[in-house]
$ cat start-v9.txt   # compact mmCIF, C-alpha atoms
# COMPACT_ATOMS: atom_id res chain seq x y z
CA MET A 8 74.26 48.22 15.75
CA ASN A 9 74.29 46.64 19.21
CA TYR A 10 74.53 49.66 21.49
CA ASP A 11 76.86 49.36 24.46
CA ASN A 12 75.27 50.86 27.57
CA THR A 13 78.58 51.51 29.29
CA LEU A 14 80.67 54.66 29.30
CA HIS A 15 83.99 54.61 27.50
CA THR A 16 86.47 56.70 29.51
CA ILE A 17 89.85 58.08 28.49
CA LYS A 18 91.74 59.48 31.45
CA ALA A 19 94.70 61.08 29.73
CA CYS A 20 94.88 62.20 26.13
CA GLN A 21 96.39 64.99 24.05
CA PHE A 22 93.54 66.93 22.51
CA ASN A 23 95.08 67.01 19.05
CA GLU A 24 95.40 63.21 19.10
CA ILE A 25 91.71 62.50 19.61
CA ASP A 26 90.02 60.70 16.72
CA PHE A 27 86.44 61.90 17.20
CA ASN A 28 85.07 59.88 14.28
CA ALA A 29 86.51 56.69 15.72
CA LEU A 30 84.96 57.47 19.10
CA THR A 31 81.46 57.89 17.65
CA GLU A 32 81.88 54.64 15.73
CA LEU A 33 82.11 52.88 19.10
CA GLY A 34 78.35 53.41 19.34
CA ARG A 35 78.46 54.71 22.90
CA PRO A 36 79.37 57.88 24.82
CA CYS A 37 83.01 58.57 25.60
CA LEU A 38 84.27 60.74 28.46
CA ILE A 39 87.72 62.30 28.04
CA LYS A 40 88.84 63.59 31.42
CA GLY A 41 90.78 66.85 31.47
CA ALA A 42 91.24 66.99 27.71
CA ILE A 43 91.01 70.79 27.68
CA ALA A 44 91.89 71.53 31.29
CA ASP A 45 94.58 73.95 30.13
CA SER A 46 92.31 76.04 27.90
CA PRO A 47 92.32 79.76 28.82
CA LEU A 48 88.61 79.94 29.70
CA VAL A 49 88.79 76.89 31.98
CA LEU A 50 91.87 78.27 33.76
CA LYS A 51 90.32 81.71 34.23
CA GLY A 52 87.14 80.16 35.59
CA LYS A 53 89.11 78.21 38.16
CA HIS A 54 90.70 81.49 39.27
CA SER A 55 87.46 83.52 39.51
CA LEU A 56 84.06 83.87 37.90
CA SER A 57 84.57 87.58 37.19
CA LEU A 58 87.84 86.87 35.38
CA ALA A 59 86.12 84.28 33.18
CA GLN A 60 83.28 86.66 32.36
CA GLU A 61 85.68 89.44 31.42
CA TYR A 62 87.51 86.98 29.19
CA LEU A 63 84.26 86.13 27.41
CA LYS A 64 83.41 89.80 26.97
CA ALA A 65 86.73 90.36 25.21
CA PHE A 66 85.59 88.03 22.39
CA TYR A 67 81.97 89.21 22.26
CA THR A 68 80.74 90.92 19.08
CA GLN A 69 78.05 92.99 20.86
CA LYS A 70 75.28 91.28 18.88
CA PRO A 71 72.20 90.77 21.10
CA MET A 72 71.78 87.16 22.18
CA LEU A 73 68.58 85.15 22.61
CA VAL A 74 67.95 84.52 26.33
CA TYR A 75 65.55 81.90 27.69
CA GLN A 76 64.01 82.49 31.13
CA CYS A 77 61.65 80.47 33.29
CA GLU A 78 60.19 81.26 36.69
CA ALA A 79 60.91 79.48 39.95
CA GLU A 80 58.03 77.01 39.67
CA ALA A 81 59.65 75.44 36.59
CA LYS A 82 62.67 74.50 38.70
CA GLY A 83 64.99 75.27 35.81
CA ARG A 84 63.34 72.68 33.57
CA PHE A 85 62.56 74.27 30.20
CA PHE A 86 59.51 72.44 28.87
CA TYR A 87 55.89 72.83 27.79
CA ASN A 88 53.33 74.57 29.98
CA ALA A 89 50.78 72.53 31.92
CA GLN A 90 48.21 72.70 29.09
CA PHE A 91 50.72 71.78 26.36
CA ASP A 92 49.54 74.74 24.29
CA GLY A 93 52.72 76.72 24.81
CA MET A 94 56.02 76.79 26.66
CA ASN A 95 56.84 77.37 30.33
CA PHE A 96 59.44 80.03 29.54
CA THR A 97 59.85 83.38 27.83
CA THR A 98 62.55 84.68 25.51
CA ASN A 99 64.13 88.03 24.84
CA PHE A 100 67.26 89.45 23.25
CA ALA A 101 69.92 90.94 25.52
CA GLN A 102 73.51 92.06 25.57
CA LEU A 103 75.95 89.70 27.26
CA THR A 104 76.67 92.16 30.08
CA ASP A 105 72.95 92.46 30.88
CA PHE A 106 72.67 88.68 30.88
CA PHE A 107 75.54 88.41 33.36
CA ASN A 108 73.89 91.08 35.52
CA ASP A 109 70.58 89.18 35.57
CA ILE A 110 72.33 86.02 36.73
CA GLU A 111 74.20 87.93 39.44
CA GLN A 112 70.97 89.54 40.63
CA GLU A 113 69.29 86.14 40.82
CA GLN A 114 72.15 84.87 42.97
CA GLN A 115 71.71 87.80 45.34
CA THR A 116 67.91 87.63 45.57
CA HIS A 117 67.58 83.84 45.42
CA SER A 118 64.57 84.19 43.15
CA ASN A 119 65.22 80.72 41.66
CA LYS A 120 64.63 82.05 38.17
CA ALA A 121 66.56 80.18 35.51
CA PHE A 122 68.34 81.83 32.60
CA TYR A 123 70.30 80.41 29.71
CA ILE A 124 71.64 81.21 26.28
CA GLY A 125 71.54 78.05 24.22
CA SER A 126 73.46 76.86 21.20
CA ALA A 127 74.47 80.36 20.11
CA ARG A 128 76.85 80.07 17.17
CA LEU A 129 80.34 80.79 18.39
CA ASN A 130 81.39 82.27 15.06
CA ASP A 131 78.54 84.77 15.24
CA TYR A 132 78.99 85.94 18.82
CA PHE A 133 82.50 85.01 19.94
CA PRO A 134 84.87 84.85 16.95
CA GLU A 135 88.21 83.22 17.72
CA LEU A 136 86.98 81.82 21.05
CA LEU A 137 86.69 78.27 19.71
CA LYS A 138 90.13 78.41 18.09
CA THR A 139 91.67 79.54 21.38
CA ASN A 140 89.87 77.09 23.67
CA LEU A 141 88.71 74.07 21.63
CA PRO A 142 91.04 73.90 18.62
CA ILE A 143 89.28 71.21 16.64
CA ASP A 144 91.03 70.30 13.42
CA HIS A 145 88.36 69.86 10.75
CA ASN A 146 90.75 67.57 8.91
CA ASN A 147 90.32 65.08 11.75
CA LEU A 148 86.55 64.95 11.23
CA SER A 149 85.08 63.15 8.26
CA GLY A 150 82.00 64.65 6.68
CA HIS A 151 80.72 68.17 6.90
CA SER A 152 77.89 70.23 8.46
CA ALA A 153 79.99 71.26 11.46
CA GLN A 154 78.51 73.78 13.87
CA ALA A 155 80.00 75.07 17.13
CA GLY A 156 77.78 76.57 19.82
CA ILE A 157 78.03 78.04 23.29
CA TRP A 158 75.69 77.52 26.25
CA LEU A 159 75.69 79.94 29.19
CA GLY A 160 73.40 80.15 32.20
CA ASN A 161 72.69 79.31 35.81
CA LYS A 162 71.08 76.09 37.11
CA THR A 163 69.05 74.79 34.19
CA THR A 164 67.91 71.51 32.70
CA ALA A 165 67.74 70.73 28.99
CA VAL A 166 65.06 68.04 28.94
CA THR A 167 65.85 64.64 27.43
CA HIS A 168 66.07 64.94 23.64
CA PHE A 169 68.15 63.72 20.72
CA ASP A 170 70.19 65.48 18.03
CA THR A 171 70.68 64.26 14.48
CA SER A 172 74.40 65.05 14.61
CA ASN A 173 77.35 63.65 16.53
CA ASN A 174 78.23 65.82 19.50
CA ILE A 175 81.33 66.99 21.35
CA ALA A 176 80.32 68.62 24.64
CA ALA A 177 83.09 70.64 26.28
CA CYS A 178 82.54 71.67 29.89
CA MET A 179 84.24 75.05 30.36
CA LEU A 180 82.80 76.53 33.59
CA GLY A 181 80.62 74.89 36.23
CA ARG A 182 79.63 71.24 36.35
CA ARG A 183 77.32 69.44 33.92
CA ARG A 184 75.46 66.19 34.33
CA PHE A 185 74.49 64.24 31.23
CA THR A 186 72.00 61.38 31.39
CA LEU A 187 72.13 59.46 28.12
CA PHE A 188 70.01 56.72 26.56
CA PRO A 189 70.73 54.71 23.39
CA PRO A 190 68.41 55.17 20.38
CA THR A 191 66.86 51.76 21.08
CA GLN A 192 65.08 53.31 24.07
CA SER A 193 63.14 55.83 21.98
CA GLY A 194 59.76 54.14 22.51
CA ASN A 195 60.37 53.76 26.25
CA LEU A 196 61.09 57.51 26.56
CA TYR A 197 57.69 58.55 25.15
CA PRO A 198 58.73 61.13 22.55
CA GLY A 199 56.65 64.31 22.55
CA PRO A 200 55.22 66.34 19.67
CA LEU A 201 57.32 66.69 16.54
CA GLU A 202 56.43 70.39 16.62
CA PRO A 203 56.40 72.80 18.19
CA THR A 204 59.23 71.96 20.55
CA PRO A 205 60.91 74.12 23.20
CA GLY A 206 64.33 73.94 21.56
CA GLY A 207 63.83 72.58 18.06
CA GLN A 208 64.23 68.89 18.89
CA VAL A 209 61.73 66.26 19.99
CA LEU A 210 61.61 65.93 23.79
CA SER A 211 60.89 62.94 25.98
CA MET A 212 57.68 63.43 27.92
CA VAL A 213 59.23 61.63 30.88
CA ASP A 214 60.75 63.70 33.66
CA ILE A 215 63.62 61.31 34.30
CA SER A 216 64.45 63.08 37.58
CA ALA A 217 60.94 62.34 38.92
CA PRO A 218 59.35 59.80 36.56
CA ASP A 219 55.59 59.19 36.64
CA PHE A 220 55.55 55.43 36.09
CA GLU A 221 51.75 55.25 36.13
CA ARG A 222 51.56 57.53 33.12
CA TYR A 223 54.79 56.34 31.46
CA PRO A 224 55.31 52.73 32.62
CA LYS A 225 57.90 51.85 29.93
CA ALA A 226 60.20 54.51 31.38
CA ARG A 227 61.29 51.94 33.97
CA GLU A 228 62.98 49.99 31.19
CA ALA A 229 64.55 53.12 29.71
CA LEU A 230 66.10 54.06 33.05
CA LYS A 231 67.80 50.65 33.22
CA HIS A 232 69.81 51.71 30.17
CA ALA A 233 70.67 55.24 31.38
CA ILE A 234 74.30 56.34 31.44
CA ILE A 235 74.98 59.21 33.86
CA VAL A 236 78.10 61.29 33.26
CA ASP A 237 79.28 64.15 35.47
CA LEU A 238 81.58 66.65 33.76
CA GLU A 239 84.04 68.96 35.47
CA PRO A 240 85.55 72.00 33.76
CA GLY A 241 88.07 70.76 31.20
CA ASP A 242 86.25 67.48 30.46
CA LEU A 243 84.91 66.43 27.07
CA LEU A 244 81.96 64.14 26.37
CA VAL A 245 81.63 62.68 22.86
CA TYR A 246 78.51 60.80 21.82
CA PRO A 247 76.94 59.65 18.54
CA ALA A 248 73.92 61.09 16.77
CA LEU A 249 70.44 60.06 17.96
CA TRP A 250 71.46 59.29 21.54
CA TRP A 251 68.87 60.76 23.88
CA HIS A 252 70.35 63.03 26.55
CA GLN A 253 69.27 65.26 29.40
CA VAL A 254 71.75 67.99 30.35
CA GLU A 255 71.76 69.60 33.79
CA ALA A 256 73.86 72.67 34.56
CA LEU A 257 74.61 72.22 38.24
CA ASP A 258 76.23 75.46 39.38
CA ASP A 259 75.25 79.11 39.70
CA PHE A 260 77.09 79.93 36.48
CA ASN A 261 77.95 77.47 33.74
CA VAL A 262 79.51 77.59 30.28
CA MET A 263 79.66 74.75 27.80
CA PHE A 264 80.82 74.59 24.20
CA ASN A 265 79.38 71.99 21.91
CA TYR A 266 80.41 70.91 18.46
CA TRP A 267 77.98 69.15 16.15
CA TRP A 268 79.04 67.35 13.02
CA ASN A 269 77.91 64.55 10.74
CA SER A 270 80.22 62.02 9.17
CA THR A 271 78.40 62.29 5.84
CA PRO A 272 78.89 64.92 3.11
CA ASP A 273 76.53 67.86 2.83
CA TYR A 274 74.85 66.45 -0.27
CA VAL A 275 73.40 63.58 1.78
CA ASP A 276 69.88 64.62 2.83
CA ASP A 277 68.54 64.86 6.38
CA PRO A 278 66.96 61.53 7.44
CA MET A 279 64.29 63.46 9.38
CA ALA A 280 62.87 64.47 5.99
CA THR A 281 62.67 60.78 5.13
CA LEU A 282 60.90 60.07 8.42
CA LEU A 283 58.29 62.73 7.72
CA HIS A 284 57.79 61.47 4.18
CA GLY A 285 57.44 57.96 5.58
CA MET A 286 54.52 59.23 7.66
CA LEU A 287 53.01 60.59 4.45
CA SER A 288 53.63 57.52 2.29
CA LEU A 289 53.80 54.46 4.57
CA ARG A 290 52.35 54.88 8.04
CA ASP A 291 48.65 54.59 7.12
CA ARG A 292 48.94 51.66 4.73
CA PRO A 293 47.66 48.20 5.75
CA GLN A 294 50.00 46.35 8.07
CA SER A 295 50.70 43.68 5.46
CA GLU A 296 51.93 46.35 3.05
CA LYS A 297 54.05 47.99 5.74
CA ASP A 298 55.65 44.65 6.53
CA ALA A 299 56.50 44.21 2.86
CA TRP A 300 57.95 47.70 2.56
CA GLN A 301 59.96 47.13 5.72
CA ALA A 302 61.59 44.14 4.04
CA LEU A 303 62.44 46.23 0.97
CA PHE A 304 63.87 49.05 3.09
CA GLN A 305 65.97 46.51 4.93
CA TYR A 306 67.30 45.19 1.63
CA TYR A 307 67.99 48.51 -0.12
CA ILE A 308 68.83 50.83 2.78
CA PHE A 309 69.93 49.07 5.95
CA GLU A 310 71.90 46.11 4.66
CA ASP A 311 75.18 46.14 2.75
CA LYS A 312 74.63 48.21 -0.42
CA GLN A 313 76.70 45.73 -2.43
CA GLN A 314 74.01 43.10 -1.94
CA ALA A 315 71.51 45.04 -4.04
CA ARG A 316 73.83 45.57 -7.01
CA GLN A 317 76.60 42.98 -7.15
CA HIS A 318 74.54 40.64 -9.36
CA LEU A 319 73.81 43.42 -11.89
CA PRO A 320 75.93 44.83 -14.74
CA GLN A 321 77.48 48.06 -13.50
CA HIS A 322 75.93 50.16 -16.28
CA THR A 323 72.47 49.31 -14.91
CA TRP A 324 73.11 50.38 -11.32
CA GLY A 325 71.53 53.84 -11.55
CA ALA A 326 70.36 54.84 -8.05
CA LEU A 327 72.26 51.87 -6.63
CA ARG A 328 75.61 53.54 -7.37
CA ASP A 329 77.67 55.09 -4.59
CA LEU A 330 76.20 58.49 -3.88
CA ASP A 331 78.08 61.60 -4.96
CA GLU A 332 77.05 65.22 -5.44
CA LEU A 333 75.74 64.70 -8.98
CA GLY A 334 73.97 61.49 -8.06
CA SER A 335 72.31 63.17 -5.09
CA ARG A 336 70.91 65.88 -7.38
CA VAL A 337 69.49 63.28 -9.75
CA LEU A 338 67.85 61.35 -6.91
CA ARG A 339 66.50 64.50 -5.29
CA ASN A 340 64.89 65.59 -8.55
CA LYS A 341 63.23 62.19 -8.90
CA VAL A 342 61.92 62.38 -5.35
CA LEU A 343 60.59 65.92 -5.85
CA LYS A 344 58.78 64.88 -9.04
CA LYS A 345 57.07 62.06 -7.18
CA ILE A 346 56.15 64.29 -4.22
CA ASN A 347 54.80 67.05 -6.48
CA ARG A 348 52.64 64.69 -8.51
$ encode --input "start-v9.txt" --output "structure tokens"
Amino acid sequence: MNYDNTLHTIKACQFNEIDFNALTELGRPCLIKGAIADSPLVLKGKHSLSLAQEYLKAFYTQKPMLVYQCEAEAKGRFFYNAQFDGMNFTTNFAQLTDFFNDIEQEQQTHSNKAFYIGSARLNDYFPELLKTNLPIDHNNLSGHSAQAGIWLGNKTTAVTHFDTSNNIAACMLGRRRFTLFPPTQSGNLYPGPLEPTPGGQVLSMVDISAPDFERYPKAREALKHAIIVDLEPGDLLVYPALWWHQVEALDDFNVMFNYWWNSTPDYVDDPMATLLHGMLSLRDRPQSEKDAWQALFQYYIFEDKQQARQHLPQHTWGALRDLDELGSRVLRNKVLKKINR
């Protein structure tokens, strides 16, 4: 795909008319201004912060939530520590009311500590909140593996990373700034360790707000392709899987919903498993062999699947058939037998 490094913007749209799959197929981020400006949480937040917090409490299940906290010197940027042998933040479980109290205390003392609750499953902690405020019709999304999360906190930065799912980011309270990069910039963003990671996904080692070009010179090229999007409460940002993105919460209290989904059925395996197995089976072979395997992967995986089978009798297709649940089980068993040799 030739990625388009421009933002697609829709200024007026009925939420229930949005074709999210079609938007991700554009291969670039899409901003939908004011798509959920009339949602109850957005309206209450515009009236007062306390009213919005009371509204959230009304949906809360009282299950303790995982809270991330970093000290002032981190400047709200949740990352590794200076030695890269741990993280620059701590975690603990807390009730929502206590979390709100900690944020209020920070505002009063100006301690510059940063707090956030990240990607907490809405169905686990706030049943019915998604239905009331972001009524996504699953019938309008192809594929499966949908997951809705909530992000709450003060001024924080989620360092540049990518997700393996398509994403709908819904700004509910406070402002959010997204800085996005197409997958083609992966090498120029200097991906960090595969594990451990601060939030479960690979991070860019480049601080794009203050890049060290001596250490990461290719970051100059990456920044030429950056798309910066500022979200106000009620705005939606939709972007495809594998787009790198940094997310900055800009106000003293911020709430965002996000909705991850893939346009493939659940029986299709995670490509990250394939990447890891590629490291096991391909990476350390001679370059001439890798070049040959690259050509085969191009033929069987990345080009039109019809090309590899149209010249064969259909009864011989085997693994070349369209994948379904039964076929995926057969292939998975073959792969496991080869791995467990």
$ atom_distance --input "start-v9.txt" --atom1 "atom CA of Asp92 of chain A" --atom2 "atom CA of Ala229 of chain A"
26.9 Å
$ closest_residue --input "start-v9.txt" --among "A:Ile157, A:Leu287, A:Met263, A:Leu327" --to "Ser126 of chain A" --atoms "all atoms listed in the file"
A:Ile157
$ axis_aligned_box --input "start-v9.txt" --around "segment 62-66 of chain A" --padding-each-side "5 Å" --output "JSON"
{"center_x": 85.5, "center_y": 88.2, "center_z": 25.8, "size_x": 14.1, "size_y": 14.2, "size_z": 16.8}
$ residues_around --input "start-v9.txt" --residues "segment 72-88 of chain A" --least-positions-apart "6" --cutoff "6 Å" --atoms "all atoms listed in the file" --output "list of chain:residue names"
A:Met94, A:Asn95, A:Phe96, A:Thr97, A:Thr98, A:Asn99, A:Phe100, A:Ala101, A:Asn119, A:Lys120, A:Ala121, A:Phe122, A:Tyr123, A:Ile124, A:Thr163, A:Thr164
$ closest_residue --input "start-v9.txt" --among "A:Gln321, A:Asn173, A:Ser288, A:Asn140" --to "Trp250 of chain A" --atoms "all atoms listed in the file"
A:Asn173
$ atom_distance --input "start-v9.txt" --atom1 "atom CA of Ile235 of chain A" --atom2 "atom CA of Thr16 of chain A"
12.5 Å
$ residues_around --input "start-v9.txt" --residues "Gln192 of chain A" --least-positions-apart "6" --cutoff "10 Å" --atoms "all atoms listed in the file" --output "mmCIF file with C-alpha atoms, in the coordinates of the input"
data_model
loop_
_atom_site.group_PDB
_atom_site.id
_atom_site.type_symbol
_atom_site.label_atom_id
_atom_site.label_comp_id
_atom_site.auth_asym_id
_atom_site.auth_seq_id
_atom_site.Cartn_x
_atom_site.Cartn_y
_atom_site.Cartn_z
ATOM 1 C CA LYS A 225 57.900 51.850 29.930
ATOM 2 C CA ALA A 226 60.200 54.510 31.380
ATOM 3 C CA GLU A 228 62.980 49.990 31.190
ATOM 4 C CA ALA A 229 64.550 53.120 29.710
ATOM 5 C CA LEU A 230 66.100 54.060 33.050
ATOM 6 C CA LYS A 231 67.800 50.650 33.220
ATOM 7 C CA HIS A 232 69.810 51.710 30.170
ATOM 8 C CA ALA A 233 70.670 55.240 31.380
ATOM 9 C CA TRP A 250 71.460 59.290 21.540
ATOM 10 C CA TRP A 251 68.870 60.760 23.880
#
$ atom_distance --input "start-v9.txt" --atom1 "atom CA of Thr31 of chain A" --atom2 "atom CA of Ala248 of chain A"
8.2 Å
$ residues_around --input "start-v9.txt" --residues "Arg336 of chain A" --least-positions-apart "3" --cutoff "12 Å" --atoms "all atoms listed in the file" --output "list of chain:residue names"
A:Asp273, A:Tyr274, A:Val275, A:Asp276, A:Ala326, A:Leu330, A:Asp331, A:Glu332, A:Leu333, A:Arg339, A:Asn340, A:Lys341, A:Val342, A:Leu343
$ residues_near_point --input "start-v9.txt" --point "(81.1, 62.6, 24.3)" --cutoff "10 Å" --atoms "all atoms listed in the file" --output "ChimeraX atom specification"
/A:14-16,27,30-31,35-39,173-177,185,236,242-247,265
$ residues_near_point --input "start-v9.txt" --point "(86.2, 66.9, 33.0)" --cutoff "7 Å" --atoms "only C-alpha atoms" --output "PDB file with C-alpha atoms, in the frame of the given file"
ATOM      1  CA  ILE A  39      87.720  62.300  28.040  1.00  0.00           C
ATOM      2  CA  LYS A  40      88.840  63.590  31.420  1.00  0.00           C
ATOM      3  CA  GLY A  41      90.780  66.850  31.470  1.00  0.00           C
ATOM      4  CA  CYS A 178      82.540  71.670  29.890  1.00  0.00           C
ATOM      5  CA  LEU A 238      81.580  66.650  33.760  1.00  0.00           C
ATOM      6  CA  GLU A 239      84.040  68.960  35.470  1.00  0.00           C
ATOM      7  CA  PRO A 240      85.550  72.000  33.760  1.00  0.00           C
ATOM      8  CA  GLY A 241      88.070  70.760  31.200  1.00  0.00           C
ATOM      9  CA  ASP A 242      86.250  67.480  30.460  1.00  0.00           C
ATOM     10  CA  LEU A 243      84.910  66.430  27.070  1.00  0.00           C
TER      11      LEU A 243
END
$ closest_residue --input "start-v9.txt" --among "A:Asn195, A:Gln314, A:Gln90, A:Gln69" --to "Pro218 of chain A" --atoms "only C-alpha atoms"
A:Asn195
$ residues_around --input "start-v9.txt" --residues "segment 304-309 of chain A" --least-positions-apart "3" --cutoff "12 Å" --atoms "only C-alpha atoms" --output "PyMOL selection string"
chain A and resi 8+278+281+285+289+297-301+312-316+326-328
$ residues_around --input "start-v9.txt" --residues "Asn161 of chain A" --least-positions-apart "6" --cutoff "6 Å" --atoms "only C-alpha atoms" --output "PyMOL selection string"
chain A and resi 122+259-261
$ closest_residue --input "start-v9.txt" --among "A:Leu58, A:Gly199, A:Thr68, A:Ser172" --to "Ser270 of chain A" --atoms "only C-alpha atoms"
A:Ser172
$ closest_residue --input "start-v9.txt" --among "A:Leu249, A:Thr323, A:Glu221, A:Gln60" --to "Thr191 of chain A" --atoms "all atoms listed in the file"
A:Leu249
$ closest_residue --input "start-v9.txt" --among "A:Pro134, A:Pro203, A:Ala29, A:Met179" --to "Phe91 of chain A" --atoms "only C-alpha atoms"
A:Pro203
$ build_atoms --input "start-v9.txt" --residues "segment 188-196 of chain A" --atoms "all heavy atoms" --output "JSON list (two decimals), keeping the file's coordinate frame"
[["chain", "number", "residue", "atom", "x", "y", "z"],
["A", 188, "PHE", "N", 70.71, 57.97, 26.88],
["A", 188, "PHE", "CA", 70.01, 56.72, 26.56],
["A", 188, "PHE", "C", 70.29, 56.37, 25.10],
["A", 188, "PHE", "O", 70.26, 57.26, 24.24],
["A", 188, "PHE", "CB", 68.50, 56.88, 26.74],
["A", 188, "PHE", "CG", 68.06, 57.32, 28.10],
["A", 188, "PHE", "CD1", 68.00, 58.67, 28.42],
["A", 188, "PHE", "CD2", 67.70, 56.40, 29.07],
["A", 188, "PHE", "CE1", 67.58, 59.10, 29.67],
["A", 188, "PHE", "CE2", 67.28, 56.81, 30.33],
["A", 188, "PHE", "CZ", 67.23, 58.17, 30.63],
["A", 189, "PRO", "N", 70.50, 55.09, 24.79],
["A", 189, "PRO", "CA", 70.73, 54.71, 23.39],
["A", 189, "PRO", "C", 69.45, 54.87, 22.56],
["A", 189, "PRO", "O", 68.34, 54.87, 23.11],
["A", 189, "PRO", "CB", 71.15, 53.24, 23.50],
["A", 189, "PRO", "CG", 70.58, 52.77, 24.79],
["A", 189, "PRO", "CD", 70.59, 53.94, 25.71],
["A", 190, "PRO", "N", 69.58, 55.00, 21.25],
["A", 190, "PRO", "CA", 68.41, 55.17, 20.38],
["A", 190, "PRO", "C", 67.38, 54.06, 20.52],
["A", 190, "PRO", "O", 66.19, 54.29, 20.25],
["A", 190, "PRO", "CB", 69.01, 55.18, 18.97],
["A", 190, "PRO", "CG", 70.42, 55.65, 19.17],
["A", 190, "PRO", "CD", 70.85, 55.09, 20.49],
["A", 191, "THR", "N", 67.80, 52.88, 20.93],
["A", 191, "THR", "CA", 66.86, 51.76, 21.08],
["A", 191, "THR", "C", 65.81, 52.01, 22.15],
["A", 191, "THR", "O", 64.81, 51.30, 22.21],
["A", 191, "THR", "CB", 67.64, 50.48, 21.43],
["A", 191, "THR", "OG1", 68.49, 50.73, 22.55],
["A", 191, "THR", "CG2", 68.46, 50.00, 20.25],
["A", 192, "GLN", "N", 66.03, 53.00, 23.00],
["A", 192, "GLN", "CA", 65.08, 53.31, 24.07],
["A", 192, "GLN", "C", 64.06, 54.38, 23.68],
["A", 192, "GLN", "O", 63.32, 54.87, 24.53],
["A", 192, "GLN", "CB", 65.84, 53.74, 25.33],
["A", 192, "GLN", "CG", 66.68, 52.64, 25.95],
["A", 192, "GLN", "CD", 65.86, 51.39, 26.20],
["A", 192, "GLN", "OE1", 64.82, 51.44, 26.88],
["A", 192, "GLN", "NE2", 66.31, 50.27, 25.64],
["A", 193, "SER", "N", 64.03, 54.74, 22.41],
["A", 193, "SER", "CA", 63.14, 55.83, 21.98],
["A", 193, "SER", "C", 61.69, 55.60, 22.41],
["A", 193, "SER", "O", 61.05, 56.49, 22.97],
["A", 193, "SER", "CB", 63.22, 55.99, 20.46],
["A", 193, "SER", "OG", 64.50, 56.43, 20.06],
["A", 194, "GLY", "N", 61.15, 54.41, 22.15],
["A", 194, "GLY", "CA", 59.76, 54.14, 22.51],
["A", 194, "GLY", "C", 59.53, 54.19, 24.01],
["A", 194, "GLY", "O", 58.45, 54.60, 24.47],
["A", 195, "ASN", "N", 60.51, 53.78, 24.79],
["A", 195, "ASN", "CA", 60.37, 53.76, 26.25],
["A", 195, "ASN", "C", 60.50, 55.15, 26.87],
["A", 195, "ASN", "O", 60.23, 55.32, 28.06],
["A", 195, "ASN", "CB", 61.40, 52.83, 26.86],
["A", 195, "ASN", "CG", 61.17, 51.38, 26.47],
["A", 195, "ASN", "OD1", 60.05, 50.97, 26.21],
["A", 195, "ASN", "ND2", 62.24, 50.60, 26.41],
["A", 196, "LEU", "N", 60.94, 56.13, 26.07],
["A", 196, "LEU", "CA", 61.09, 57.51, 26.56],
["A", 196, "LEU", "C", 59.89, 58.38, 26.17],
["A", 196, "LEU", "O", 59.89, 59.57, 26.50],
["A", 196, "LEU", "CB", 62.38, 58.11, 26.03],
["A", 196, "LEU", "CG", 63.65, 57.56, 26.69],
["A", 196, "LEU", "CD1", 64.89, 57.99, 25.91],
["A", 196, "LEU", "CD2", 63.76, 58.01, 28.14]]
